[in-house]
>>> print(open('coords.cif').read())   # mmCIF, N, CA and C atoms
data_entry
#
loop_
_atom_site.label_atom_id
_atom_site.label_comp_id
_atom_site.auth_asym_id
_atom_site.auth_seq_id
_atom_site.Cartn_x
_atom_site.Cartn_y
_atom_site.Cartn_z
N MET A 1 -42.47 17.01 4.28
CA MET A 1 -41.79 16.00 5.08
C MET A 1 -41.55 16.57 6.47
N THR A 2 -41.83 15.76 7.45
CA THR A 2 -41.65 16.23 8.83
C THR A 2 -40.19 16.06 9.25
N ASN A 3 -39.88 16.65 10.37
CA ASN A 3 -38.51 16.55 10.89
C ASN A 3 -38.15 15.12 11.25
N THR A 4 -39.10 14.38 11.78
CA THR A 4 -38.80 12.99 12.15
C THR A 4 -38.59 12.15 10.89
N GLY A 5 -39.30 12.45 9.82
CA GLY A 5 -39.09 11.72 8.56
C GLY A 5 -37.72 12.01 7.98
N PHE A 6 -37.31 13.25 8.06
CA PHE A 6 -35.97 13.62 7.57
C PHE A 6 -34.89 12.95 8.41
N LEU A 7 -35.06 12.96 9.73
CA LEU A 7 -34.09 12.33 10.62
C LEU A 7 -34.02 10.83 10.34
N TRP A 8 -35.17 10.19 10.16
CA TRP A 8 -35.19 8.76 9.87
C TRP A 8 -34.48 8.48 8.54
N ASN A 9 -34.68 9.29 7.53
CA ASN A 9 -33.99 9.11 6.24
C ASN A 9 -32.49 9.26 6.39
N MET A 10 -32.05 10.20 7.22
CA MET A 10 -30.62 10.38 7.45
C MET A 10 -30.01 9.17 8.15
N VAL A 11 -30.71 8.60 9.11
CA VAL A 11 -30.22 7.41 9.82
C VAL A 11 -30.13 6.23 8.85
N VAL A 12 -31.16 6.05 8.05
CA VAL A 12 -31.14 4.96 7.06
C VAL A 12 -30.01 5.16 6.07
N PHE A 13 -29.82 6.38 5.60
CA PHE A 13 -28.74 6.67 4.66
C PHE A 13 -27.37 6.40 5.30
N PHE A 14 -27.20 6.78 6.56
CA PHE A 14 -25.94 6.53 7.26
C PHE A 14 -25.64 5.04 7.31
N PHE A 15 -26.62 4.23 7.70
CA PHE A 15 -26.39 2.79 7.80
C PHE A 15 -26.19 2.15 6.43
N LEU A 16 -26.82 2.67 5.41
CA LEU A 16 -26.59 2.18 4.06
C LEU A 16 -25.16 2.44 3.61
N VAL A 17 -24.68 3.64 3.85
CA VAL A 17 -23.29 3.97 3.49
C VAL A 17 -22.32 3.14 4.32
N MET A 18 -22.59 2.96 5.60
CA MET A 18 -21.73 2.15 6.45
C MET A 18 -21.69 0.70 5.95
N TYR A 19 -22.86 0.16 5.58
CA TYR A 19 -22.91 -1.20 5.06
C TYR A 19 -22.11 -1.33 3.76
N LEU A 20 -22.26 -0.36 2.86
CA LEU A 20 -21.53 -0.43 1.60
C LEU A 20 -20.02 -0.34 1.81
N MET A 21 -19.58 0.50 2.76
CA MET A 21 -18.16 0.58 3.06
C MET A 21 -17.64 -0.75 3.59
N LEU A 22 -18.38 -1.38 4.50
CA LEU A 22 -17.97 -2.69 5.02
C LEU A 22 -17.96 -3.73 3.91
N LEU A 23 -18.95 -3.71 3.05
CA LEU A 23 -19.03 -4.67 1.96
C LEU A 23 -17.84 -4.54 1.01
N PHE A 24 -17.50 -3.31 0.65
CA PHE A 24 -16.36 -3.11 -0.25
C PHE A 24 -15.04 -3.50 0.42
N ASN A 25 -14.91 -3.25 1.73
CA ASN A 25 -13.72 -3.69 2.45
C ASN A 25 -13.61 -5.20 2.48
N VAL A 26 -14.72 -5.89 2.69
CA VAL A 26 -14.70 -7.35 2.72
C VAL A 26 -14.37 -7.91 1.34
N ILE A 27 -14.96 -7.38 0.30
CA ILE A 27 -14.67 -7.87 -1.05
C ILE A 27 -13.22 -7.58 -1.41
N GLY A 28 -12.72 -6.41 -1.05
CA GLY A 28 -11.30 -6.11 -1.29
C GLY A 28 -10.40 -7.05 -0.53
N ASP A 29 -10.76 -7.38 0.71
CA ASP A 29 -9.96 -8.32 1.49
C ASP A 29 -10.00 -9.72 0.90
N LEU A 30 -11.15 -10.10 0.38
CA LEU A 30 -11.24 -11.43 -0.25
C LEU A 30 -10.25 -11.57 -1.39
N PHE A 31 -10.16 -10.57 -2.22
CA PHE A 31 -9.27 -10.66 -3.37
C PHE A 31 -7.82 -10.35 -3.01
N ARG A 32 -7.57 -9.77 -1.86
CA ARG A 32 -6.21 -9.51 -1.39
C ARG A 32 -5.61 -10.75 -0.73
N ASP A 33 -6.47 -11.67 -0.25
CA ASP A 33 -6.03 -12.85 0.48
C ASP A 33 -5.49 -13.90 -0.47
N HIS A 34 -4.20 -14.24 -0.33
CA HIS A 34 -3.58 -15.23 -1.20
C HIS A 34 -3.70 -16.64 -0.64
N GLU A 35 -4.14 -16.79 0.59
CA GLU A 35 -4.30 -18.11 1.19
C GLU A 35 -5.61 -18.77 0.78
N LEU A 36 -6.59 -17.99 0.42
CA LEU A 36 -7.91 -18.50 0.04
C LEU A 36 -7.91 -18.83 -1.44
N ASN A 37 -8.43 -20.01 -1.80
CA ASN A 37 -8.46 -20.37 -3.22
C ASN A 37 -9.64 -19.70 -3.93
N GLY A 38 -9.65 -19.80 -5.23
CA GLY A 38 -10.66 -19.11 -6.03
C GLY A 38 -12.07 -19.58 -5.76
N PHE A 39 -12.25 -20.88 -5.53
CA PHE A 39 -13.59 -21.41 -5.28
C PHE A 39 -14.14 -20.87 -3.96
N ALA A 40 -13.30 -20.77 -2.94
CA ALA A 40 -13.75 -20.23 -1.65
C ALA A 40 -14.12 -18.76 -1.79
N LYS A 41 -13.34 -18.02 -2.59
CA LYS A 41 -13.68 -16.61 -2.83
C LYS A 41 -15.02 -16.49 -3.54
N PHE A 42 -15.25 -17.37 -4.52
CA PHE A 42 -16.51 -17.39 -5.25
C PHE A 42 -17.68 -17.66 -4.30
N LEU A 43 -17.51 -18.62 -3.39
CA LEU A 43 -18.57 -18.94 -2.44
C LEU A 43 -18.85 -17.76 -1.50
N TRP A 44 -17.79 -17.09 -1.03
CA TRP A 44 -18.00 -15.93 -0.16
C TRP A 44 -18.76 -14.84 -0.90
N VAL A 45 -18.41 -14.59 -2.17
CA VAL A 45 -19.10 -13.55 -2.93
C VAL A 45 -20.57 -13.92 -3.14
N LEU A 46 -20.85 -15.18 -3.46
CA LEU A 46 -22.24 -15.61 -3.60
C LEU A 46 -22.99 -15.44 -2.28
N PHE A 47 -22.35 -15.85 -1.20
CA PHE A 47 -22.95 -15.71 0.11
C PHE A 47 -23.22 -14.24 0.42
N LEU A 48 -22.29 -13.36 0.04
CA LEU A 48 -22.49 -11.92 0.25
C LEU A 48 -23.64 -11.37 -0.60
N LEU A 49 -23.86 -11.94 -1.77
CA LEU A 49 -24.95 -11.48 -2.64
C LEU A 49 -26.32 -11.93 -2.15
N PHE A 50 -26.43 -13.17 -1.68
CA PHE A 50 -27.74 -13.72 -1.36
C PHE A 50 -28.14 -13.56 0.11
N LEU A 51 -27.18 -13.49 1.00
CA LEU A 51 -27.46 -13.23 2.42
C LEU A 51 -26.52 -12.12 2.89
N PRO A 52 -26.76 -10.90 2.44
CA PRO A 52 -25.75 -9.85 2.61
C PRO A 52 -25.40 -9.52 4.06
N PHE A 53 -26.36 -9.29 4.92
CA PHE A 53 -26.05 -8.87 6.28
C PHE A 53 -25.46 -10.01 7.09
N LEU A 54 -26.07 -11.18 6.99
CA LEU A 54 -25.59 -12.33 7.74
C LEU A 54 -24.17 -12.71 7.31
N SER A 55 -23.93 -12.77 6.02
CA SER A 55 -22.60 -13.18 5.55
C SER A 55 -21.54 -12.13 5.88
N LEU A 56 -21.91 -10.86 5.86
CA LEU A 56 -20.96 -9.80 6.21
C LEU A 56 -20.54 -9.93 7.67
N PHE A 57 -21.49 -10.16 8.55
CA PHE A 57 -21.14 -10.30 9.96
C PHE A 57 -20.35 -11.59 10.22
N ILE A 58 -20.70 -12.67 9.54
CA ILE A 58 -19.95 -13.92 9.69
C ILE A 58 -18.51 -13.73 9.22
N TYR A 59 -18.35 -13.06 8.09
CA TYR A 59 -16.99 -12.81 7.57
C TYR A 59 -16.18 -11.98 8.55
N LEU A 60 -16.77 -10.92 9.08
CA LEU A 60 -16.05 -10.06 10.02
C LEU A 60 -15.67 -10.80 11.30
N ILE A 61 -16.53 -11.70 11.76
CA ILE A 61 -16.23 -12.46 12.97
C ILE A 61 -15.18 -13.53 12.67
N ALA A 62 -15.35 -14.26 11.57
CA ALA A 62 -14.47 -15.38 11.27
C ALA A 62 -13.10 -14.95 10.74
N ARG A 63 -13.06 -13.91 9.95
CA ARG A 63 -11.81 -13.54 9.28
C ARG A 63 -11.38 -12.11 9.56
N GLY A 64 -11.96 -11.47 10.56
CA GLY A 64 -11.65 -10.08 10.87
C GLY A 64 -10.20 -9.86 11.29
N ASP A 65 -9.64 -10.79 12.06
CA ASP A 65 -8.26 -10.65 12.51
C ASP A 65 -7.30 -10.70 11.33
N GLY A 66 -7.50 -11.66 10.43
CA GLY A 66 -6.66 -11.75 9.24
C GLY A 66 -6.86 -10.56 8.32
N MET A 67 -8.05 -10.01 8.34
CA MET A 67 -8.36 -8.85 7.50
C MET A 67 -7.48 -7.66 7.89
N SER A 68 -7.34 -7.42 9.17
CA SER A 68 -6.50 -6.31 9.61
C SER A 68 -5.03 -6.59 9.33
N LYS A 69 -4.59 -7.83 9.48
CA LYS A 69 -3.19 -8.17 9.19
C LYS A 69 -2.88 -7.97 7.71
N ARG A 70 -3.81 -8.37 6.84
CA ARG A 70 -3.58 -8.19 5.40
C ARG A 70 -3.59 -6.72 5.02
N ALA A 71 -4.43 -5.92 5.66
CA ALA A 71 -4.46 -4.48 5.38
C ALA A 71 -3.16 -3.82 5.84
N ILE A 72 -2.65 -4.23 7.00
CA ILE A 72 -1.38 -3.68 7.48
C ILE A 72 -0.24 -4.08 6.57
N ALA A 73 -0.21 -5.34 6.13
CA ALA A 73 0.84 -5.81 5.23
C ALA A 73 0.80 -5.06 3.90
N ALA A 74 -0.38 -4.82 3.38
CA ALA A 74 -0.51 -4.07 2.12
C ALA A 74 -0.03 -2.64 2.30
N GLN A 75 -0.35 -2.02 3.43
CA GLN A 75 0.10 -0.66 3.70
C GLN A 75 1.61 -0.59 3.83
N GLN A 76 2.20 -1.58 4.51
CA GLN A 76 3.66 -1.61 4.65
C GLN A 76 4.33 -1.81 3.30
N GLN A 77 3.75 -2.63 2.44
CA GLN A 77 4.29 -2.85 1.10
C GLN A 77 4.27 -1.56 0.29
N MET A 78 3.15 -0.84 0.36
CA MET A 78 3.06 0.44 -0.36
C MET A 78 4.04 1.46 0.19
N GLN A 79 4.22 1.48 1.53
CA GLN A 79 5.16 2.42 2.14
C GLN A 79 6.59 2.10 1.71
N LYS A 80 6.93 0.81 1.64
CA LYS A 80 8.27 0.41 1.22
C LYS A 80 8.52 0.81 -0.24
N GLN A 81 7.52 0.61 -1.09
CA GLN A 81 7.66 1.01 -2.49
C GLN A 81 7.85 2.52 -2.60
N MET A 82 7.11 3.29 -1.81
CA MET A 82 7.25 4.74 -1.84
C MET A 82 8.63 5.16 -1.34
N ASP A 83 9.10 4.55 -0.26
CA ASP A 83 10.43 4.88 0.27
C ASP A 83 11.52 4.55 -0.75
N ASP A 84 11.40 3.39 -1.40
CA ASP A 84 12.38 3.01 -2.43
C ASP A 84 12.37 4.00 -3.59
N TYR A 85 11.19 4.44 -3.98
CA TYR A 85 11.08 5.39 -5.08
C TYR A 85 11.72 6.73 -4.71
N VAL A 86 11.45 7.19 -3.49
CA VAL A 86 12.02 8.47 -3.05
C VAL A 86 13.54 8.37 -2.96
N LYS A 87 14.04 7.26 -2.42
CA LYS A 87 15.49 7.09 -2.34
C LYS A 87 16.12 7.04 -3.72
N GLU A 88 15.45 6.36 -4.64
CA GLU A 88 15.97 6.24 -6.00
C GLU A 88 15.99 7.60 -6.70
N THR A 89 14.93 8.36 -6.51
CA THR A 89 14.81 9.65 -7.20
C THR A 89 15.68 10.72 -6.56
N ALA A 90 15.62 10.85 -5.26
CA ALA A 90 16.35 11.91 -4.58
C ALA A 90 17.80 11.54 -4.28
N GLY A 91 18.08 10.25 -4.23
CA GLY A 91 19.42 9.82 -3.85
C GLY A 91 20.43 9.85 -4.97
N ALA A 92 20.01 10.09 -6.18
CA ALA A 92 20.94 10.11 -7.30
C ALA A 92 21.82 11.34 -7.21
N ASP A 93 23.14 11.13 -7.11
CA ASP A 93 24.08 12.24 -7.03
C ASP A 93 24.27 12.84 -8.40
N ASN A 94 24.43 14.14 -8.43
CA ASN A 94 24.75 14.78 -9.69
C ASN A 94 26.25 14.63 -9.93
N PRO A 95 26.72 14.83 -11.14
CA PRO A 95 28.15 14.62 -11.44
C PRO A 95 29.08 15.46 -10.59
N ALA A 96 28.72 16.69 -10.28
CA ALA A 96 29.59 17.55 -9.46
C ALA A 96 29.79 16.96 -8.07
N ASP A 97 28.72 16.41 -7.47
CA ASP A 97 28.85 15.79 -6.15
C ASP A 97 29.74 14.56 -6.21
N GLN A 98 29.56 13.74 -7.25
CA GLN A 98 30.38 12.54 -7.39
C GLN A 98 31.85 12.91 -7.54
N ILE A 99 32.15 13.92 -8.34
CA ILE A 99 33.54 14.33 -8.55
C ILE A 99 34.12 14.92 -7.27
N SER A 100 33.32 15.70 -6.53
CA SER A 100 33.85 16.29 -5.28
C SER A 100 34.11 15.21 -4.24
N LYS A 101 33.25 14.20 -4.17
CA LYS A 101 33.50 13.09 -3.25
C LYS A 101 34.75 12.32 -3.65
N ALA A 102 34.91 12.09 -4.94
CA ALA A 102 36.10 11.39 -5.42
C ALA A 102 37.35 12.21 -5.14
N LYS A 103 37.28 13.54 -5.28
CA LYS A 103 38.43 14.41 -5.01
C LYS A 103 38.81 14.35 -3.53
N LYS A 104 37.81 14.29 -2.68
CA LYS A 104 38.07 14.17 -1.24
C LYS A 104 38.76 12.84 -0.95
N LEU A 105 38.30 11.76 -1.58
CA LEU A 105 38.95 10.46 -1.41
C LEU A 105 40.38 10.49 -1.92
N LEU A 106 40.60 11.17 -3.03
CA LEU A 106 41.95 11.30 -3.59
C LEU A 106 42.84 12.08 -2.63
N ASP A 107 42.34 13.17 -2.07
CA ASP A 107 43.11 13.97 -1.13
C ASP A 107 43.43 13.20 0.15
N ASP A 108 42.49 12.35 0.57
CA ASP A 108 42.70 11.55 1.78
C ASP A 108 43.63 10.35 1.52
N GLY A 109 43.87 10.06 0.25
CA GLY A 109 44.74 8.94 -0.09
C GLY A 109 44.02 7.61 -0.19
N ALA A 110 42.69 7.63 -0.16
CA ALA A 110 41.92 6.39 -0.24
C ALA A 110 41.93 5.82 -1.66
N ILE A 111 42.06 6.68 -2.66
CA ILE A 111 42.14 6.22 -4.05
C ILE A 111 43.33 6.91 -4.71
N ASN A 112 43.76 6.34 -5.83
CA ASN A 112 44.88 6.95 -6.56
C ASN A 112 44.35 7.79 -7.72
N GLN A 113 45.27 8.42 -8.45
CA GLN A 113 44.89 9.33 -9.53
C GLN A 113 44.13 8.60 -10.64
N ALA A 114 44.50 7.36 -10.95
CA ALA A 114 43.84 6.60 -12.01
C ALA A 114 42.39 6.31 -11.63
N GLU A 115 42.18 5.95 -10.37
CA GLU A 115 40.81 5.69 -9.92
C GLU A 115 39.99 6.98 -9.93
N PHE A 116 40.59 8.07 -9.53
CA PHE A 116 39.89 9.36 -9.56
C PHE A 116 39.49 9.71 -10.99
N ASP A 117 40.40 9.51 -11.94
CA ASP A 117 40.09 9.80 -13.35
C ASP A 117 38.97 8.91 -13.86
N ALA A 118 38.95 7.63 -13.43
CA ALA A 118 37.89 6.72 -13.85
C ALA A 118 36.54 7.16 -13.31
N ILE A 119 36.52 7.57 -12.04
CA ILE A 119 35.27 8.03 -11.42
C ILE A 119 34.79 9.31 -12.11
N LYS A 120 35.74 10.19 -12.42
CA LYS A 120 35.39 11.45 -13.08
C LYS A 120 34.81 11.20 -14.46
N GLN A 121 35.40 10.27 -15.23
CA GLN A 121 34.90 9.94 -16.56
C GLN A 121 33.50 9.33 -16.47
N LYS A 122 33.31 8.45 -15.48
CA LYS A 122 32.01 7.80 -15.30
C LYS A 122 30.93 8.84 -14.92
N ALA A 123 31.30 9.79 -14.07
CA ALA A 123 30.34 10.82 -13.64
C ALA A 123 29.97 11.74 -14.79
N LEU A 124 30.92 12.02 -15.63
CA LEU A 124 30.65 12.94 -16.74
C LEU A 124 29.99 12.26 -17.94
N ALA A 125 30.01 10.95 -17.96
CA ALA A 125 29.42 10.21 -19.10
C ALA A 125 27.92 10.20 -19.04
#
>>> encode(input="coords.cif", output="structure tokens")
Amino acid sequence: MTNTGFLWNMVVFFFLVMYLMLLFNVIGDLFRDHELNGFAKFLWVLFLLFLPFLSLFIYLIARGDGMSKRAIAAQQQMQKQMDDYVKETAGADNPADQISKAKKLLDDGAINQAEFDAIKQKALA
């Protein structure tokens, strides 16, 4: 194989991988879109199967703006879920911290002895 043949194969392989990445992004966006009904999604998939390059470019031109908005919304949703999980996991006070906070409130006069005892029992339970 000559150098030009190898270079040509690399260019073709690059564009094939690029096309497949775009195709998977478009199909993922189709199923992520809640505004589009099932029949329209079916038609887009058929169009992508039978006229792959033309339909891919039409989809990117016609729905590209919404595609980026849906991707951003999905990323924000995942980030919010991760933040909530971290807060839930790391934010849980251990009993010693709860009792020390309650003791500080008792010393400051914000709660009485009965409330302190209730908080202490709840923390130790």
>>> atom_distance(input="coords.cif", atom1="atom N of Trp44 of chain A", atom2="atom N of Gln79 of chain A")
28.9 Å
>>> closest_residue(input="coords.cif", among="A:Met67, A:Leu30, A:Ile119, A:Ala40", to="Ile99 of chain A", atoms="only C-alpha atoms")
A:Ile119
>>> atom_distance(input="coords.cif", atom1="atom CA of Ala123 of chain A", atom2="atom CA of Pro95 of chain A")
4.9 Å
>>> atom_distance(input="coords.cif", atom1="atom CA of Thr2 of chain A", atom2="atom CA of Val17 of chain A")
22.7 Å
>>> closest_residue(input="coords.cif", among="A:Val45, A:Val11, A:Ile72, A:Leu105", to="Ile27 of chain A", atoms="all atoms listed in the file")
A:Val45
>>> resolve_selection(input="coords.cif", expression="the PyMOL selection byres (((chain A and resi 22 and name CA) around 12) and name CA)", output="PyMOL selection string")
chain A and resi 15-21+23-29+48+52-53+55-57+59-60+64+67
>>> resolve_selection(input="coords.cif", expression="the PyMOL selection byres (((chain A and resi 102 and name CA) around 12) and name CA)", output="list in words")
Pro95, Ala96, Asp97, Gln98, Ile99, Ser100, Lys101, Lys103, Lys104, Leu105, Leu106, Asp107, Asp108, Gly109, Ala110, Ile111, Asn112, Gln113, Ala114, Glu115, Phe116, Asp117, Ala118, Ile119, Lys120, Gln121, Lys122 and Ala123 of chain A
>>> write_last_selection(input="coords.cif", atoms="N, CA and C atoms", output="JSON list (two decimals), in the coordinates of the input")
[["chain", "number", "residue", "atom", "x", "y", "z"],
["A", 95, "PRO", "N", 26.72, 14.83, -11.14],
["A", 95, "PRO", "CA", 28.15, 14.62, -11.44],
["A", 95, "PRO", "C", 29.08, 15.46, -10.59],
["A", 96, "ALA", "N", 28.72, 16.69, -10.28],
["A", 96, "ALA", "CA", 29.59, 17.55, -9.46],
["A", 96, "ALA", "C", 29.79, 16.96, -8.07],
["A", 97, "ASP", "N", 28.72, 16.41, -7.47],
["A", 97, "ASP", "CA", 28.85, 15.79, -6.15],
["A", 97, "ASP", "C", 29.74, 14.56, -6.21],
["A", 98, "GLN", "N", 29.56, 13.74, -7.25],
["A", 98, "GLN", "CA", 30.38, 12.54, -7.39],
["A", 98, "GLN", "C", 31.85, 12.91, -7.54],
["A", 99, "ILE", "N", 32.15, 13.92, -8.34],
["A", 99, "ILE", "CA", 33.54, 14.33, -8.55],
["A", 99, "ILE", "C", 34.12, 14.92, -7.27],
["A", 100, "SER", "N", 33.32, 15.70, -6.53],
["A", 100, "SER", "CA", 33.85, 16.29, -5.28],
["A", 100, "SER", "C", 34.11, 15.21, -4.24],
["A", 101, "LYS", "N", 33.25, 14.20, -4.17],
["A", 101, "LYS", "CA", 33.50, 13.09, -3.25],
["A", 101, "LYS", "C", 34.75, 12.32, -3.65],
["A", 103, "LYS", "N", 37.28, 13.54, -5.28],
["A", 103, "LYS", "CA", 38.43, 14.41, -5.01],
["A", 103, "LYS", "C", 38.81, 14.35, -3.53],
["A", 104, "LYS", "N", 37.81, 14.29, -2.68],
["A", 104, "LYS", "CA", 38.07, 14.17, -1.24],
["A", 104, "LYS", "C", 38.76, 12.84, -0.95],
["A", 105, "LEU", "N", 38.30, 11.76, -1.58],
["A", 105, "LEU", "CA", 38.95, 10.46, -1.41],
["A", 105, "LEU", "C", 40.38, 10.49, -1.92],
["A", 106, "LEU", "N", 40.60, 11.17, -3.03],
["A", 106, "LEU", "CA", 41.95, 11.30, -3.59],
["A", 106, "LEU", "C", 42.84, 12.08, -2.63],
["A", 107, "ASP", "N", 42.34, 13.17, -2.07],
["A", 107, "ASP", "CA", 43.11, 13.97, -1.13],
["A", 107, "ASP", "C", 43.43, 13.20, 0.15],
["A", 108, "ASP", "N", 42.49, 12.35, 0.57],
["A", 108, "ASP", "CA", 42.70, 11.55, 1.78],
["A", 108, "ASP", "C", 43.63, 10.35, 1.52],
["A", 109, "GLY", "N", 43.87, 10.06, 0.25],
["A", 109, "GLY", "CA", 44.74, 8.94, -0.09],
["A", 109, "GLY", "C", 44.02, 7.61, -0.19],
["A", 110, "ALA", "N", 42.69, 7.63, -0.16],
["A", 110, "ALA", "CA", 41.92, 6.39, -0.24],
["A", 110, "ALA", "C", 41.93, 5.82, -1.66],
["A", 111, "ILE", "N", 42.06, 6.68, -2.66],
["A", 111, "ILE", "CA", 42.14, 6.22, -4.05],
["A", 111, "ILE", "C", 43.33, 6.91, -4.71],
["A", 112, "ASN", "N", 43.76, 6.34, -5.83],
["A", 112, "ASN", "CA", 44.88, 6.95, -6.56],
["A", 112, "ASN", "C", 44.35, 7.79, -7.72],
["A", 113, "GLN", "N", 45.27, 8.42, -8.45],
["A", 113, "GLN", "CA", 44.89, 9.33, -9.53],
["A", 113, "GLN", "C", 44.13, 8.60, -10.64],
["A", 114, "ALA", "N", 44.50, 7.36, -10.95],
["A", 114, "ALA", "CA", 43.84, 6.60, -12.01],
["A", 114, "ALA", "C", 42.39, 6.31, -11.63],
["A", 115, "GLU", "N", 42.18, 5.95, -10.37],
["A", 115, "GLU", "CA", 40.81, 5.69, -9.92],
["A", 115, "GLU", "C", 39.99, 6.98, -9.93],
["A", 116, "PHE", "N", 40.59, 8.07, -9.53],
["A", 116, "PHE", "CA", 39.89, 9.36, -9.56],
["A", 116, "PHE", "C", 39.49, 9.71, -10.99],
["A", 117, "ASP", "N", 40.40, 9.51, -11.94],
["A", 117, "ASP", "CA", 40.09, 9.80, -13.35],
["A", 117, "ASP", "C", 38.97, 8.91, -13.86],
["A", 118, "ALA", "N", 38.95, 7.63, -13.43],
["A", 118, "ALA", "CA", 37.89, 6.72, -13.85],
["A", 118, "ALA", "C", 36.54, 7.16, -13.31],
["A", 119, "ILE", "N", 36.52, 7.57, -12.04],
["A", 119, "ILE", "CA", 35.27, 8.03, -11.42],
["A", 119, "ILE", "C", 34.79, 9.31, -12.11],
["A", 120, "LYS", "N", 35.74, 10.19, -12.42],
["A", 120, "LYS", "CA", 35.39, 11.45, -13.08],
["A", 120, "LYS", "C", 34.81, 11.20, -14.46],
["A", 121, "GLN", "N", 35.40, 10.27, -15.23],
["A", 121, "GLN", "CA", 34.90, 9.94, -16.56],
["A", 121, "GLN", "C", 33.50, 9.33, -16.47],
["A", 122, "LYS", "N", 33.31, 8.45, -15.48],
["A", 122, "LYS", "CA", 32.01, 7.80, -15.30],
["A", 122, "LYS", "C", 30.93, 8.84, -14.92],
["A", 123, "ALA", "N", 31.30, 9.79, -14.07],
["A", 123, "ALA", "CA", 30.34, 10.82, -13.64],
["A", 123, "ALA", "C", 29.97, 11.74, -14.79]]
>>> decode(input="coords.cif", residues="segment 52-99 of chain A", atoms="C-alpha atoms", output="PDB file, in the first residue's frame")
ATOM      1  CA  PRO A  52     -28.565   9.072   5.775  1.00  0.00           C
ATOM      2  CA  PHE A  53     -26.446  12.067   4.759  1.00  0.00           C
ATOM      3  CA  LEU A  54     -29.277  14.246   3.503  1.00  0.00           C
ATOM      4  CA  SER A  55     -31.510  13.590   6.508  1.00  0.00           C
ATOM      5  CA  LEU A  56     -28.642  14.147   8.954  1.00  0.00           C
ATOM      6  CA  PHE A  57     -27.885  17.557   7.491  1.00  0.00           C
ATOM      7  CA  ILE A  58     -31.585  18.494   7.349  1.00  0.00           C
ATOM      8  CA  TYR A  59     -32.006  17.497  10.994  1.00  0.00           C
ATOM      9  CA  LEU A  60     -28.968  19.519  12.071  1.00  0.00           C
ATOM     10  CA  ILE A  61     -30.199  22.587  10.178  1.00  0.00           C
ATOM     11  CA  ALA A  62     -33.858  22.309  11.208  1.00  0.00           C
ATOM     12  CA  ARG A  63     -33.488  21.176  14.818  1.00  0.00           C
ATOM     13  CA  GLY A  64     -29.877  21.981  15.711  1.00  0.00           C
ATOM     14  CA  ASP A  65     -30.759  24.880  18.018  1.00  0.00           C
ATOM     15  CA  GLY A  66     -33.209  22.758  20.023  1.00  0.00           C
ATOM     16  CA  MET A  67     -30.654  19.965  20.063  1.00  0.00           C
ATOM     17  CA  SER A  68     -28.160  22.075  21.981  1.00  0.00           C
ATOM     18  CA  LYS A  69     -30.851  23.338  24.377  1.00  0.00           C
ATOM     19  CA  ARG A  70     -31.957  19.775  25.160  1.00  0.00           C
ATOM     20  CA  ALA A  71     -28.342  18.685  25.709  1.00  0.00           C
ATOM     21  CA  ILE A  72     -27.757  21.609  28.089  1.00  0.00           C
ATOM     22  CA  ALA A  73     -30.985  20.851  29.975  1.00  0.00           C
ATOM     23  CA  ALA A  74     -30.017  17.187  30.326  1.00  0.00           C
ATOM     24  CA  GLN A  75     -26.559  18.160  31.602  1.00  0.00           C
ATOM     25  CA  GLN A  76     -28.062  20.582  34.136  1.00  0.00           C
ATOM     26  CA  GLN A  77     -30.471  17.871  35.318  1.00  0.00           C
ATOM     27  CA  MET A  78     -27.596  15.425  35.831  1.00  0.00           C
ATOM     28  CA  GLN A  79     -25.557  18.095  37.646  1.00  0.00           C
ATOM     29  CA  LYS A  80     -28.491  18.855  39.962  1.00  0.00           C
ATOM     30  CA  GLN A  81     -28.936  15.163  40.744  1.00  0.00           C
ATOM     31  CA  MET A  82     -25.217  14.849  41.510  1.00  0.00           C
ATOM     32  CA  ASP A  83     -25.267  17.947  43.746  1.00  0.00           C
ATOM     33  CA  ASP A  84     -28.321  16.634  45.615  1.00  0.00           C
ATOM     34  CA  TYR A  85     -26.632  13.268  46.106  1.00  0.00           C
ATOM     35  CA  VAL A  86     -23.436  14.851  47.421  1.00  0.00           C
ATOM     36  CA  LYS A  87     -25.374  17.104  49.791  1.00  0.00           C
ATOM     37  CA  GLU A  88     -27.421  14.155  51.017  1.00  0.00           C
ATOM     38  CA  THR A  89     -24.380  11.949  51.550  1.00  0.00           C
ATOM     39  CA  ALA A  90     -21.895  14.453  52.943  1.00  0.00           C
ATOM     40  CA  GLY A  91     -24.380  16.706  54.692  1.00  0.00           C
ATOM     41  CA  ALA A  92     -25.588  14.120  57.174  1.00  0.00           C
ATOM     42  CA  ASP A  93     -24.367  15.154  60.632  1.00  0.00           C
ATOM     43  CA  ASN A  94     -23.060  12.506  62.923  1.00  0.00           C
ATOM     44  CA  PRO A  95     -24.634  12.264  66.402  1.00  0.00           C
ATOM     45  CA  ALA A  96     -21.719  14.023  68.126  1.00  0.00           C
ATOM     46  CA  ASP A  97     -22.097  17.070  65.853  1.00  0.00           C
ATOM     47  CA  GLN A  98     -25.852  17.192  66.427  1.00  0.00           C
ATOM     48  CA  ILE A  99     -25.401  17.002  70.206  1.00  0.00           C
TER      49      ILE A  99
END
